[in-house]
file work_0.txt (compact mmCIF, C-alpha atoms)
# COMPACT_ATOMS: atom_id res chain seq x y z
CA MET A 639 -21.23 138.43 230.74
CA LYS A 640 -18.98 138.95 233.75
CA LYS A 641 -15.93 137.93 231.70
CA THR A 642 -16.87 140.42 228.99
CA LYS A 643 -17.31 143.19 231.55
CA LEU A 644 -13.97 142.36 233.20
CA GLY A 645 -12.27 142.37 229.81
CA LEU A 646 -13.69 145.80 228.99
CA ILE A 647 -12.55 147.18 232.36
CA LEU A 648 -9.03 145.82 231.85
CA MET A 649 -8.94 147.26 228.34
CA LEU A 650 -10.04 150.64 229.69
CA TYR A 651 -7.32 150.60 232.36
CA ALA A 652 -4.72 149.64 229.74
CA SER A 653 -5.86 152.46 227.44
CA ILE A 654 -5.65 154.99 230.28
CA ALA A 655 -2.17 153.75 231.22
CA CYS A 656 -0.95 154.01 227.61
CA ALA A 657 -2.42 157.49 227.23
CA SER A 658 -0.76 158.59 230.48
CA LEU A 659 2.61 157.28 229.35
CA ALA A 660 2.23 159.06 226.01
CA VAL A 661 1.47 162.35 227.75
CA VAL A 662 4.43 161.98 230.14
CA TYR A 663 6.76 161.15 227.23
CA ALA A 664 5.54 164.15 225.23
CA PHE A 665 6.25 166.47 228.17
CA THR A 666 9.66 164.98 229.02
CA LYS A 667 11.03 164.27 225.52
CA ASP A 668 12.41 167.77 224.93
CA SER A 669 13.94 167.87 228.41
CA ILE A 670 15.63 164.49 227.91
CA GLU A 671 17.02 165.58 224.54
CA ARG A 672 18.34 168.82 226.04
CA GLN A 673 20.05 166.94 228.86
CA SER A 674 21.59 164.51 226.37
CA GLU A 675 22.96 167.40 224.31
CA ILE A 676 24.37 169.09 227.43
CA GLN A 677 26.02 165.81 228.44
CA LEU A 678 27.48 165.39 224.94
CA GLN A 679 28.92 168.91 224.78
CA ALA A 680 30.40 168.59 228.27
CA SER A 681 32.01 165.26 227.35
CA LEU A 682 33.46 166.70 224.14
CA LYS A 683 35.08 169.53 226.08
CA ASP A 684 36.24 167.10 228.75
CA ILE A 685 38.12 164.99 226.19
CA PHE A 686 39.37 167.98 224.17
CA PRO A 687 39.50 170.90 226.66
CA GLN A 688 41.50 173.07 224.24
CA ALA A 689 38.97 172.73 221.40
CA THR A 690 37.12 175.77 220.08
CA ALA A 691 35.01 174.02 217.43
CA PHE A 692 33.34 170.68 216.86
CA ASP A 693 32.40 170.45 213.18
CA VAL A 694 29.86 167.76 212.33
CA VAL A 695 31.12 165.06 209.96
CA GLU A 696 28.50 163.85 207.51
CA ASN A 697 28.06 160.26 206.34
CA LEU A 698 30.65 158.58 208.55
CA THR A 699 29.32 155.04 208.92
CA SER A 700 30.42 152.06 210.97
CA PRO A 701 31.91 149.06 209.15
CA GLU A 702 30.19 146.81 211.71
CA PRO A 703 26.49 146.10 211.00
CA ASN A 704 25.52 146.02 214.69
CA ILE A 705 27.48 149.15 215.63
CA LYS A 706 26.19 152.64 214.80
CA PHE A 707 27.98 155.97 214.62
CA GLU A 708 25.34 158.40 215.88
CA THR A 709 27.39 161.55 215.34
CA ALA A 710 30.99 162.43 214.51
CA TYR A 711 32.94 165.66 214.84
CA GLU A 712 36.15 167.15 213.51
CA VAL A 713 37.72 168.71 216.57
CA LYS A 714 39.62 171.97 216.05
CA SER A 715 41.26 174.76 217.98
CA ASP A 716 41.17 178.00 215.97
CA ASN A 717 41.00 175.99 212.71
CA VAL A 718 43.93 173.81 213.77
CA PRO A 719 42.86 170.12 213.74
CA LEU A 720 43.09 168.24 217.02
CA GLY A 721 41.40 164.99 216.11
CA LEU A 722 38.02 163.34 215.73
CA ALA A 723 35.23 162.48 218.18
CA ILE A 724 32.65 159.77 217.48
CA LYS A 725 29.49 158.99 219.40
CA VAL A 726 29.13 155.24 218.92
CA SER A 727 26.50 152.76 220.11
CA GLY A 728 26.23 149.00 219.98
CA PRO A 729 25.16 145.89 221.89
CA SER A 730 26.46 145.20 225.39
CA TYR A 731 25.45 142.88 228.23
CA GLY A 732 22.36 144.79 229.40
CA GLY A 733 21.32 146.25 226.04
CA ASN A 734 22.79 148.96 223.86
CA ALA A 735 25.69 151.02 225.20
CA THR A 736 26.66 154.46 223.88
CA LEU A 737 30.15 155.93 224.16
CA LEU A 738 31.88 159.11 223.05
CA VAL A 739 35.36 158.24 221.75
CA GLY A 740 38.00 160.90 221.09
CA ILE A 741 40.94 160.17 218.77
CA ASP A 742 43.89 162.56 218.50
CA LEU A 743 46.36 163.20 215.68
CA HIS A 744 48.86 160.82 217.28
CA ARG A 745 46.47 157.98 216.29
CA SER A 746 45.75 157.27 219.91
CA ILE A 747 42.68 157.44 222.13
CA ALA A 748 42.30 160.92 223.59
CA GLY A 749 39.52 159.82 225.92
CA VAL A 750 36.30 157.84 226.29
CA ARG A 751 33.11 158.88 228.05
CA ILE A 752 29.93 156.87 228.65
CA MET A 753 26.79 158.45 227.22
CA ALA A 754 24.44 155.57 228.08
CA LEU A 755 24.90 152.18 229.72
CA ASN A 756 22.41 149.74 231.18
CA ASP A 757 24.17 146.96 233.04
CA THR A 758 24.37 145.05 236.32
CA PRO A 759 25.10 147.33 239.32
CA GLY A 760 28.41 146.43 240.94
CA LEU A 761 29.53 144.48 237.87
CA GLY A 762 29.18 145.86 234.33
CA MET A 763 28.17 149.28 235.64
CA ASN A 764 31.66 149.55 237.13
CA ALA A 765 32.68 150.72 233.66
CA SER A 766 31.18 154.08 234.61
CA ASN A 767 32.32 154.02 238.25
CA PRO A 768 35.11 156.61 238.76
CA THR A 769 36.28 154.83 241.91
CA TYR A 770 36.49 151.33 240.41
CA TYR A 771 40.04 150.65 239.28
CA VAL A 772 41.33 147.92 236.98
CA ASP A 773 44.78 148.97 238.21
CA LYS A 774 44.45 149.87 241.89
CA ALA A 775 48.11 150.78 242.32
CA LYS A 776 47.95 153.44 239.59
CA LYS A 777 44.26 154.22 240.14
CA VAL A 778 43.33 153.59 236.52
CA THR A 779 39.67 153.00 235.67
CA PHE A 780 38.38 150.69 232.95
CA LEU A 781 37.91 153.56 230.49
CA GLY A 782 40.99 155.38 231.76
CA GLN A 783 43.27 152.58 230.56
CA PHE A 784 42.42 153.46 226.94
CA GLU A 785 43.70 157.04 227.15
CA GLY A 786 46.94 157.31 225.22
CA LYS A 787 46.57 153.79 223.81
CA PHE A 788 47.60 153.71 220.15
CA LEU A 789 45.09 152.21 217.73
CA THR A 790 47.88 150.15 216.19
CA ASP A 791 48.25 148.37 219.54
CA PRO A 792 46.34 145.13 220.21
CA PHE A 793 43.00 145.48 222.01
CA GLU A 794 42.45 141.93 223.28
CA VAL A 795 40.49 141.92 226.54
CA LYS A 796 42.22 140.17 229.49
CA LYS A 797 45.52 140.31 227.60
CA ASP A 798 46.03 143.87 226.36
CA VAL A 799 42.97 145.42 228.02
CA ALA A 800 42.15 144.81 231.70
CA ALA A 801 38.61 143.50 232.11
CA ILE A 802 36.06 144.50 234.72
CA THR A 803 35.83 141.75 237.34
CA ALA A 804 32.94 139.35 236.56
CA ALA A 805 31.88 141.48 233.58
CA THR A 806 33.83 140.07 230.64
CA ILE A 807 30.98 140.51 228.15
CA THR A 808 30.62 144.19 229.01
CA SER A 809 34.40 144.67 228.86
CA LYS A 810 34.61 143.10 225.41
CA SER A 811 31.57 144.98 224.11
CA LEU A 812 32.83 148.40 225.19
CA THR A 813 36.32 147.65 223.92
CA LYS A 814 34.89 146.73 220.51
CA LEU A 815 32.96 150.00 220.35
CA ILE A 816 36.12 151.96 221.17
CA LYS A 817 38.28 150.10 218.64
CA THR A 818 35.66 150.33 215.87
CA ALA A 819 35.27 154.07 216.35
CA GLY A 820 39.04 154.55 216.56
CA ASP A 821 39.79 152.62 213.38
CA ALA A 822 37.09 154.53 211.49
CA ALA A 823 38.54 157.84 212.70
CA ILE A 824 42.03 156.90 211.49
CA ALA A 825 40.65 155.85 208.08
CA TYR A 826 38.77 159.16 207.84
CA MET A 827 41.85 161.21 208.73
CA ASP A 828 44.01 159.24 206.28
CA GLN A 829 41.49 159.97 203.53
CA LYS A 830 41.56 163.68 204.35
CA VAL A 831 45.37 163.67 204.14
CA MET A 832 45.28 161.89 200.76
CA MET A 833 42.73 164.35 199.37
CA ALA A 834 44.78 167.29 200.64
CA SER A 835 47.92 165.85 199.00
CA MET A 836 46.09 165.48 195.68
CA GLU A 837 45.00 169.12 195.87
CA ASP A 838 48.58 170.21 196.62
CA GLU A 839 49.86 168.32 193.56
CA LYS A 840 47.54 170.15 191.13
CA PRO A 841 49.32 172.61 188.78
CA THR A 842 49.04 176.24 189.87
CA GLY A 843 45.79 177.79 188.71
CA GLU A 844 44.09 174.44 188.03
CA THR A 845 40.52 174.40 189.26
CA SER A 846 37.47 172.34 188.51
CA ILE A 847 35.09 173.67 185.88
CA GLY A 848 32.74 176.15 187.46
CA ALA A 849 34.52 175.99 190.80
CA SER A 850 35.29 179.05 192.87
CA PRO A 851 38.82 179.67 194.17
CA ALA A 852 39.41 177.68 197.35
CA VAL A 853 39.63 179.50 200.64
CA SER A 854 41.98 177.97 203.19
CA THR A 855 40.56 177.41 206.65
CA GLY A 856 43.61 175.80 208.19
CA SER A 857 45.35 172.45 207.81
CA PRO A 858 43.24 169.42 206.86
CA ILE A 859 42.57 167.14 209.78
CA GLY A 860 45.32 164.58 210.16
CA ALA A 861 47.62 166.36 207.67
CA PRO A 862 51.37 166.17 208.31
CA GLY A 863 51.53 169.92 208.88
CA ALA A 864 48.58 169.94 211.25
CA SER A 865 49.38 170.65 214.86
CA ALA A 866 47.83 168.76 217.72
CA GLY A 867 48.05 171.91 219.80
CA THR A 868 47.97 170.97 223.42
CA ALA A 869 46.19 167.70 222.78
CA LYS A 870 46.66 165.09 225.44
CA GLU A 871 49.86 163.17 224.81
CA SER A 872 50.29 159.42 225.05
CA ALA A 873 51.70 159.69 228.54
CA ARG A 874 48.79 161.77 229.81
CA PRO A 875 47.99 161.27 233.54
CA GLN A 876 45.29 158.74 234.26
CA ALA A 877 44.55 159.60 237.85
CA GLY A 878 40.87 159.99 238.54
CA GLY A 879 39.95 157.54 235.81
CA LYS A 880 40.10 159.98 232.89

call {"tool": "encode", "arguments": {"input": "work_0.txt", "output": "structure tokens"}}
result
Amino acid sequence: MKKTKLGLILMLYASIACASLAVVYAFTKDSIERQSEIQLQASLKDIFPQATAFDVVENLTSPEPNIKFETAYEVKSDNVPLGLAIKVSGPSYGGNATLLVGIDLHRSIAGVRIMALNDTPGLGMNASNPTYYVDKAKKVTFLGQFEGKFLTDPFEVKKDVAAITAATITSKSLTKLIKTAGDAAIAYMDQKVMMASMEDEKPTGETSIGASPAVSTGSPIGAPGASAGTAKESARPQAGGK
């Protein structure tokens, strides 16, 4: 009888705790989502400060089964393409990590920002520490070393990419997310160039049946005639870890 009573009391406490958590989540969900969106928009502008538009790219999927592209954007300045930005998430040492990766028209990394990371303080979390340098002499952070790095370059951790001390797994995981997003962005931009070239080769006046005349909105992203504007160049400064 006592065991039954104790079990009922414990079940009641558990139910109250679950209900309380549900109420707290319901009240904080919208606030969390708003903060995430604010963080995302700020990071987009941080990587591409000259951008005036971030157009959502539909159906851009990761080639890696355990890596997800949450959102992707064509980055433009007054309809002039600047590059692509991909919010990518995948497994890391302490669980899933989420990054925002910017790729410019030079086929190099324009910048990387951490959206979410759960790792060991003082070790893996140094990836997000603006005062932790993988190159102390030049004051380059772990993420800062990727800025200006061409995607045709090798990305082998400890050889081509400096690892975070005592956090090799985290270093490799984040590097893989960056490279996967970068390669997908290049493939996307190449496809846009090919499609634009095919359109240019059509005889004058040729249109698809039932199609309306096309309205130009600027150069296709990645096209040879597209300007990178004032996009960060390969030799962009890395001081401050950006």

call {"tool": "atom_distance", "arguments": {"input": "work_0.txt", "atom1": "CA of Leu761 in chain A", "atom2": "CA of Thr736 in chain A"}}
result
17.4 Å

call {"tool": "residues_around", "arguments": {"input": "work_0.txt", "residues": "range 694-698 of chain A", "least_positions_apart": "6", "cutoff": "10 Å", "atoms": "all atoms listed in the file", "output": "JSON, numbers by chain"}}
result
{"A": [706, 707, 708, 709, 710, 711, 712, 713, 722, 723, 724, 822, 823, 826]}

call {"tool": "atom_distance", "arguments": {"input": "work_0.txt", "atom1": "CA of Asn734 in chain A", "atom2": "CA of Ala805 in chain A"}}
result
15.3 Å

call {"tool": "residues_around", "arguments": {"input": "work_0.txt", "residues": "Gln783 in chain A", "least_positions_apart": "2", "cutoff": "8 Å", "atoms": "all atoms listed in the file", "output": "JSON, numbers by chain"}}
result
{"A": [778, 779, 780, 781, 785, 787, 799, 800, 876, 879]}

call {"tool": "atom_distance", "arguments": {"input": "work_0.txt", "atom1": "CA of Val750 in chain A", "atom2": "CA of Leu737 in chain A"}}
result
6.8 Å

call {"tool": "residues_around", "arguments": {"input": "work_0.txt", "residues": "range 751-757 of chain A", "least_positions_apart": "4", "cutoff": "6 Å", "atoms": "only C-alpha atoms", "output": "NGL selection string"}}
result
:A and (732 or 735-738 or 762-763)

call {"tool": "closest_residue", "arguments": {"input": "work_0.txt", "among": "A:Thr690, A:Gln829, A:Ser811, A:Gln679", "to": "Val795 in chain A", "atoms": "only C-alpha atoms"}}
result
A:Ser811

call {"tool": "residues_around", "arguments": {"input": "work_0.txt", "residues": "Ala804 in chain A", "least_positions_apart": "2", "cutoff": "10 Å", "atoms": "all atoms listed in the file", "output": "list in words"}}
result
Gly760, Leu761, Gly762, Ala801, Ile802, Thr806, Ile807, Thr808 and Ser809 of chain A

call {"tool": "closest_residue", "arguments": {"input": "work_0.txt", "among": "A:Lys810, A:Lys797, A:Arg745, A:Lys714", "to": "Ala825 in chain A", "atoms": "all atoms listed in the file"}}
result
A:Arg745

call {"tool": "closest_residue", "arguments": {"input": "work_0.txt", "among": "A:Ala819, A:Ile741, A:Ala775, A:Ala834", "to": "Phe686 in chain A", "atoms": "all atoms listed in the file"}}
result
A:Ile741

call {"tool": "closest_residue", "arguments": {"input": "work_0.txt", "among": "A:Gly782, A:Pro703, A:Gly721, A:Gly740", "to": "Tyr770 in chain A", "atoms": "all atoms listed in the file"}}
result
A:Gly782

call {"tool": "closest_residue", "arguments": {"input": "work_0.txt", "among": "A:Asp791, A:Asn764, A:Pro719, A:Leu682", "to": "Val831 in chain A", "atoms": "all atoms listed in the file"}}
result
A:Pro719
